[in-house]
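Asker: Supplied structure: entry.cif, mmCIF, C-alpha atoms and all ligand atoms.
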data_data
#
loop_
_atom_site.label_atom_id
_atom_site.label_comp_id
_atom_site.auth_asym_id
_atom_site.auth_seq_id
_atom_site.Cartn_x
_atom_site.Cartn_y
_atom_site.Cartn_z
CA MET X 1 -112.63 -66.88 -43.03
CA GLN X 2 -112.09 -64.13 -45.57
CA MET X 3 -108.33 -64.36 -45.22
CA LYS X 4 -108.36 -68.09 -45.77
CA LYS X 5 -110.43 -67.73 -48.94
CA ALA X 6 -108.05 -65.13 -50.31
CA VAL X 7 -105.06 -67.33 -49.63
CA LEU X 8 -106.74 -70.26 -51.34
CA MET X 9 -107.57 -68.16 -54.40
CA VAL X 10 -104.01 -66.92 -54.71
CA ALA X 11 -102.73 -70.44 -54.23
CA SER X 12 -105.05 -71.71 -56.95
CA ALA X 13 -104.05 -68.97 -59.29
CA VAL X 14 -100.37 -69.71 -58.79
CA PHE X 15 -101.02 -73.40 -59.27
CA ILE X 16 -102.93 -72.83 -62.54
CA MET X 17 -100.29 -70.45 -63.84
CA SER X 18 -97.38 -72.72 -63.10
CA CYS X 19 -99.30 -75.66 -64.45
CA GLY X 20 -100.05 -73.71 -67.61
CA ASP X 21 -96.42 -72.74 -68.04
CA GLY X 22 -95.34 -76.31 -67.56
CA THR X 23 -97.76 -77.57 -70.16
CA THR X 24 -96.70 -74.94 -72.66
CA THR X 25 -93.06 -75.82 -72.26
CA ASN X 26 -93.73 -79.50 -72.67
CA GLU X 27 -95.85 -78.97 -75.75
CA THR X 28 -93.20 -76.85 -77.37
CA LYS X 29 -90.56 -79.47 -76.77
CA ALA X 30 -92.82 -82.26 -77.94
CA LYS X 31 -93.61 -80.42 -81.17
CA GLU X 32 -90.03 -79.53 -81.95
CA ALA X 33 -88.71 -83.06 -81.77
CA PRO X 34 -90.89 -84.74 -84.43
CA MET X 35 -90.71 -81.68 -86.68
CA GLU X 36 -86.96 -82.01 -86.87
CA THR X 37 -87.30 -85.69 -87.68
CA GLU X 38 -89.85 -85.05 -90.43
CA ALA X 39 -87.89 -82.21 -91.96
CA ALA X 40 -84.70 -84.22 -92.32
CA PRO X 41 -85.66 -86.31 -95.39
CA GLU X 42 -87.27 -83.31 -97.12
CA GLU X 43 -83.99 -81.44 -96.98
CA ASP X 44 -82.52 -84.06 -99.29
CA VAL X 45 -85.15 -83.36 -101.96
CA PRO X 46 -84.10 -80.40 -104.10
CA ALA X 47 -86.78 -77.95 -105.19
CA GLU X 48 -85.84 -78.47 -108.81
CA VAL X 49 -84.75 -81.55 -110.71
CA THR X 50 -83.60 -82.16 -114.28
CA LEU X 51 -84.32 -85.50 -115.91
CA HIS X 52 -82.73 -86.75 -119.12
CA ILE X 53 -84.20 -89.26 -121.49
CA ASP X 54 -82.86 -90.27 -124.89
CA GLY X 55 -84.61 -91.67 -127.93
CA ASN X 56 -82.76 -93.49 -130.70
CA ASP X 57 -83.25 -94.73 -134.27
CA GLN X 58 -84.35 -98.13 -132.96
CA MET X 59 -87.58 -96.65 -131.52
CA GLN X 60 -86.33 -96.87 -127.95
CA TYR X 61 -86.10 -94.60 -124.96
CA ASP X 62 -83.07 -95.26 -122.79
CA LYS X 63 -85.30 -95.25 -119.67
CA THR X 64 -88.60 -96.92 -118.87
CA GLU X 65 -89.05 -95.30 -115.48
CA LEU X 66 -88.54 -91.79 -114.15
CA THR X 67 -89.02 -90.73 -110.54
CA VAL X 68 -89.53 -87.29 -109.02
CA HIS X 69 -90.94 -85.94 -105.78
CA GLN X 70 -94.20 -84.14 -105.22
CA GLY X 71 -93.79 -80.37 -105.37
CA GLN X 72 -90.59 -80.44 -107.40
CA LYS X 73 -90.11 -78.28 -110.45
CA VAL X 74 -89.17 -80.78 -113.14
CA THR X 75 -87.19 -80.09 -116.30
CA LEU X 76 -87.36 -82.98 -118.73
CA VAL X 77 -84.71 -83.00 -121.44
CA LEU X 78 -85.40 -85.23 -124.44
CA ARG X 79 -82.48 -85.95 -126.73
CA HIS X 80 -82.72 -87.79 -130.05
CA THR X 81 -79.44 -89.66 -130.35
CA GLY X 82 -80.28 -91.05 -133.80
CA LYS X 83 -79.77 -89.65 -137.29
CA LEU X 84 -83.15 -90.21 -138.94
CA PRO X 85 -85.30 -87.14 -139.64
CA LYS X 86 -88.42 -86.27 -137.69
CA LYS X 87 -90.73 -87.48 -140.47
CA ALA X 88 -89.26 -90.98 -140.35
CA MET X 89 -88.29 -91.36 -136.69
CA GLY X 90 -89.85 -88.54 -134.69
CA HIS X 91 -89.79 -88.66 -130.91
CA ASN X 92 -91.57 -86.70 -128.26
CA TRP X 93 -92.11 -87.20 -124.55
CA THR X 94 -95.75 -87.01 -123.58
CA LEU X 95 -96.83 -87.27 -119.94
CA LEU X 96 -100.42 -88.40 -119.45
CA LYS X 97 -102.71 -87.61 -116.56
CA GLU X 98 -103.14 -90.33 -113.98
CA GLY X 99 -105.44 -93.11 -115.12
CA VAL X 100 -105.27 -92.30 -118.83
CA ASP X 101 -104.83 -95.44 -120.95
CA TRP X 102 -101.67 -94.79 -122.98
CA GLU X 103 -102.65 -97.26 -125.72
CA GLY X 104 -105.99 -95.55 -126.22
CA PHE X 105 -104.34 -92.15 -126.23
CA ASP X 106 -101.78 -93.35 -128.77
CA LYS X 107 -104.58 -94.41 -131.14
CA GLU X 108 -106.19 -90.99 -130.78
CA ALA X 109 -102.84 -89.30 -131.52
CA LEU X 110 -102.70 -91.03 -134.93
CA LYS X 111 -105.47 -88.71 -136.09
CA TYR X 112 -103.29 -85.62 -135.71
CA PRO X 113 -100.39 -85.91 -138.19
CA ASP X 114 -100.55 -82.16 -138.85
CA ASN X 115 -100.07 -81.43 -135.14
CA ASP X 116 -97.02 -83.67 -134.62
CA TYR X 117 -99.35 -86.46 -133.51
CA MET X 118 -100.63 -84.54 -130.52
CA PRO X 119 -104.41 -84.48 -130.09
CA LYS X 120 -105.66 -80.90 -130.11
CA ASP X 121 -107.44 -79.58 -126.99
CA THR X 122 -106.83 -82.84 -125.19
CA LYS X 123 -107.51 -83.07 -121.47
CA ASP X 124 -105.42 -86.23 -121.07
CA VAL X 125 -101.97 -84.63 -121.15
CA ILE X 126 -100.06 -83.03 -118.28
CA ILE X 127 -97.19 -81.85 -120.47
CA HIS X 128 -95.39 -82.84 -123.67
CA THR X 129 -92.25 -81.89 -125.54
CA ASP X 130 -92.03 -80.98 -129.18
CA MET X 131 -91.55 -83.77 -131.71
CA ILE X 132 -87.88 -83.90 -132.71
CA GLY X 133 -85.66 -85.72 -135.20
CA GLY X 134 -82.18 -87.19 -135.05
CA GLY X 135 -79.52 -85.00 -133.42
CA GLU X 136 -82.06 -82.65 -131.88
CA GLU X 137 -82.83 -81.87 -128.28
CA THR X 138 -85.82 -80.30 -126.58
CA SER X 139 -87.07 -79.77 -123.05
CA VAL X 140 -90.10 -78.86 -120.97
CA THR X 141 -90.38 -77.57 -117.41
CA PHE X 142 -93.39 -78.25 -115.23
CA ASP X 143 -94.48 -78.76 -111.63
CA ALA X 144 -94.57 -82.40 -110.58
CA PRO X 145 -98.15 -83.63 -110.31
CA PRO X 146 -99.46 -85.14 -107.03
CA LYS X 147 -98.03 -88.41 -105.74
CA GLY X 148 -98.89 -91.29 -108.02
CA THR X 149 -97.87 -93.32 -111.05
CA TYR X 150 -98.27 -91.81 -114.49
CA TYR X 151 -97.41 -92.99 -118.00
CA PHE X 152 -95.29 -91.30 -120.62
CA LEU X 153 -95.00 -92.20 -124.28
CA CYS X 154 -93.86 -91.13 -127.71
CA THR X 155 -96.91 -90.45 -129.86
CA PHE X 156 -95.20 -90.95 -133.26
CA PRO X 157 -97.14 -93.71 -135.08
CA GLY X 158 -96.05 -97.17 -134.03
CA HIS X 159 -93.58 -96.01 -131.40
CA ALA X 160 -95.53 -96.17 -128.15
CA SER X 161 -95.59 -99.97 -127.91
CA GLN X 162 -91.84 -99.78 -127.34
CA MET X 163 -91.57 -96.17 -126.28
CA HIS X 164 -93.54 -95.83 -123.08
CA GLY X 165 -92.72 -95.88 -119.40
CA LYS X 166 -93.73 -94.99 -115.90
CA PHE X 167 -93.39 -91.57 -114.33
CA ILE X 168 -93.51 -91.98 -110.57
CA VAL X 169 -94.13 -89.11 -108.18
CA LYS X 170 -93.12 -89.92 -104.60
ZN ZN X 201 -90.79 -91.77 -131.32
#
Could you write out this structure as structure tokens?
Answerer:
Amino acid sequence: MQMKKAVLMVASAVFIMSCGDGTTTNETKAKEAPMETEAAPEEDVPAEVTLHIDGNDQMQYDKTELTVHQGQKVTLVLRHTGKLPKKAMGHNWTLLKEGVDWEGFDKEALKYPDNDYMPKDTKDVIIHTDMIGGGEETSVTFDAPPKGTYYFLCTFPGHASQMHGKFIVK
């Protein structure tokens, strides 16, 4: 009787061990496969990206939509391709937090002529460039916000109706 019990216990132990090993191996394989699949598209997304947008003397940006990916370090280069000075045809690139009404923000910005039409201590802005005039260039670097659709605009008086666009984070 005692011998039989011992044999059974050993047999069970061997069974459990081999079963455990088998499960572990399978799990490892199962995890590796989808991870490789998921990682593939991410490899195509560089950690840093530089975006260019131009503003001209006709109160226009050359782009109405910019797209980045979540987690990217973004450098936005704003170039003023016109000739008019900042006081007459200033341009900036102002990125608003998600859900902020750009028309309402633009009206608020009118109250800050001494601050290049940028509301002081505002909580509505993610990042903005300096205000520049014709022939000038400026840039800002920031971390892309979470996935979503955001608005950007130029806050110089009267410009935003033409100079605004969507900033999409995928
Ligand atoms: Zn402008």
Asker: Just how far from CA of Asp130 (chain X) is CA of Asn56 (chain X), in Å to one decimal?
Answerer: 15.6 Å
Asker: Can you tell me how far CA of Glu108 (chain X) sits from CA of Ile127 (chain X), in Å to one decimal?
Answerer: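 Distance reported for this atom pair: 16.5 Å.
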Asker: Any chance you could tabulate, as JSON lines, the residues of chain X at most 10 Å from ligand ZN 201 (chain X) with each one's nearest atom pair and distance in Å to one decimal, using only C-alpha atoms and all ligand atoms, in chain and rising number order?
Answerer:
{"residue": "X:Gly55", "atom": "CA", "partner": "X:ZN201", "partner_atom": "ZN", "distance": 7.0}
{"residue": "X:Asn56", "atom": "CA", "partner": "X:ZN201", "partner_atom": "ZN", "distance": 8.2}
{"residue": "X:Asp57", "atom": "CA", "partner": "X:ZN201", "partner_atom": "ZN", "distance": 8.6}
{"residue": "X:Gln58", "atom": "CA", "partner": "X:ZN201", "partner_atom": "ZN", "distance": 9.2}
{"residue": "X:Met59", "atom": "CA", "partner": "X:ZN201", "partner_atom": "ZN", "distance": 5.8}
{"residue": "X:Gln60", "atom": "CA", "partner": "X:ZN201", "partner_atom": "ZN", "distance": 7.6}
{"residue": "X:Tyr61", "atom": "CA", "partner": "X:ZN201", "partner_atom": "ZN", "distance": 8.4}
{"residue": "X:His80", "atom": "CA", "partner": "X:ZN201", "partner_atom": "ZN", "distance": 9.1}
{"residue": "X:Lys86", "atom": "CA", "partner": "X:ZN201", "partner_atom": "ZN", "distance": 8.7}
{"residue": "X:Ala88", "atom": "CA", "partner": "X:ZN201", "partner_atom": "ZN", "distance": 9.2}
{"residue": "X:Met89", "atom": "CA", "partner": "X:ZN201", "partner_atom": "ZN", "distance": 5.9}
{"residue": "X:Gly90", "atom": "CA", "partner": "X:ZN201", "partner_atom": "ZN", "distance": 4.8}
{"residue": "X:His91", "atom": "CA", "partner": "X:ZN201", "partner_atom": "ZN", "distance": 3.3}
{"residue": "X:Asn92", "atom": "CA", "partner": "X:ZN201", "partner_atom": "ZN", "distance": 6.0}
{"residue": "X:Trp93", "atom": "CA", "partner": "X:ZN201", "partner_atom": "ZN", "distance": 8.3}
{"residue": "X:Met131", "atom": "CA", "partner": "X:ZN201", "partner_atom": "ZN", "distance": 8.0}
{"residue": "X:Ile132", "atom": "CA", "partner": "X:ZN201", "partner_atom": "ZN", "distance": 8.5}
{"residue": "X:Gly133", "atom": "CA", "partner": "X:ZN201", "partner_atom": "ZN", "distance": 8.8}
{"residue": "X:Leu153", "atom": "CA", "partner": "X:ZN201", "partner_atom": "ZN", "distance": 8.2}
{"residue": "X:Cys154", "atom": "CA", "partner": "X:ZN201", "partner_atom": "ZN", "distance": 4.8}
{"residue": "X:Thr155", "atom": "CA", "partner": "X:ZN201", "partner_atom": "ZN", "distance": 6.4}
{"residue": "X:Phe156", "atom": "CA", "partner": "X:ZN201", "partner_atom": "ZN", "distance": 4.9}
{"residue": "X:Pro157", "atom": "CA", "partner": "X:ZN201", "partner_atom": "ZN", "distance": 7.6}
{"residue": "X:Gly158", "atom": "CA", "partner": "X:ZN201", "partner_atom": "ZN", "distance": 8.0}
{"residue": "X:His159", "atom": "CA", "partner": "X:ZN201", "partner_atom": "ZN", "distance": 5.1}
{"residue": "X:Ala160", "atom": "CA", "partner": "X:ZN201", "partner_atom": "ZN", "distance": 7.2}
{"residue": "X:Gln162", "atom": "CA", "partner": "X:ZN201", "partner_atom": "ZN", "distance": 9.0}
{"residue": "X:Met163", "atom": "CA", "partner": "X:ZN201", "partner_atom": "ZN", "distance": 6.7}
{"residue": "X:His164", "atom": "CA", "partner": "X:ZN201", "partner_atom": "ZN", "distance": 9.6}
Asker: Can you work out the spacing between CA of Thr64 (chain X) and CA of Phe152 (chain X) in Å, to one decimal?
Answerer: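 Interatomic distance here is 8.9 Å.
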Asker: Nearest to Thr94 (chain X): which of X:Pro146, X:Pro46, X:Gly134, X:Pro119 is it, counting only C-alpha atoms?
Answerer: X:Pro119
Asker: Could you list, as a list in words, every residue within 12 Å of Val74 (chain X), counting only C-alpha atoms and ignoring same-chain residues fewer than 2 positions away?
Answerer: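 Residues near the query, excluding close chain neighbours: Pro46, Ala47, Glu48, Val49, Thr50, Leu51, His52, Leu66, Thr67, Val68, His69, Gln70, Gly71, Gln72, Leu76, Val77, Ile127, Ser139, Val140, Thr141, Phe142, Asp143, Ala144, Pro145, Phe167 and Val169 of chain X.
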Asker: Counting all atoms listed in the file, which residue out of X:Lys170, X:Ile126, X:Lys63, X:Ser161 sits closest to Lys107 (chain X)?
Answerer: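 Answer, going by the shortest atom-to-atom distance: X:Ser161.
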Asker: Choose the residue, out of X:Asp116, X:Glu103, X:Asp54, X:Asp44, that has the smallest atom-to-atom separation from Thr138 (chain X); count all atoms listed in the file.
Answerer: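 Counting all atoms listed in the file, the residue closest to Thr138 (chain X) is X:Asp54.
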Asker: With distances taken over all atoms listed in the file, which of X:Glu98, X:Asp62, X:Glu136, X:Asp124 is nearest to Leu84 (chain X)?
Answerer: X:Glu136
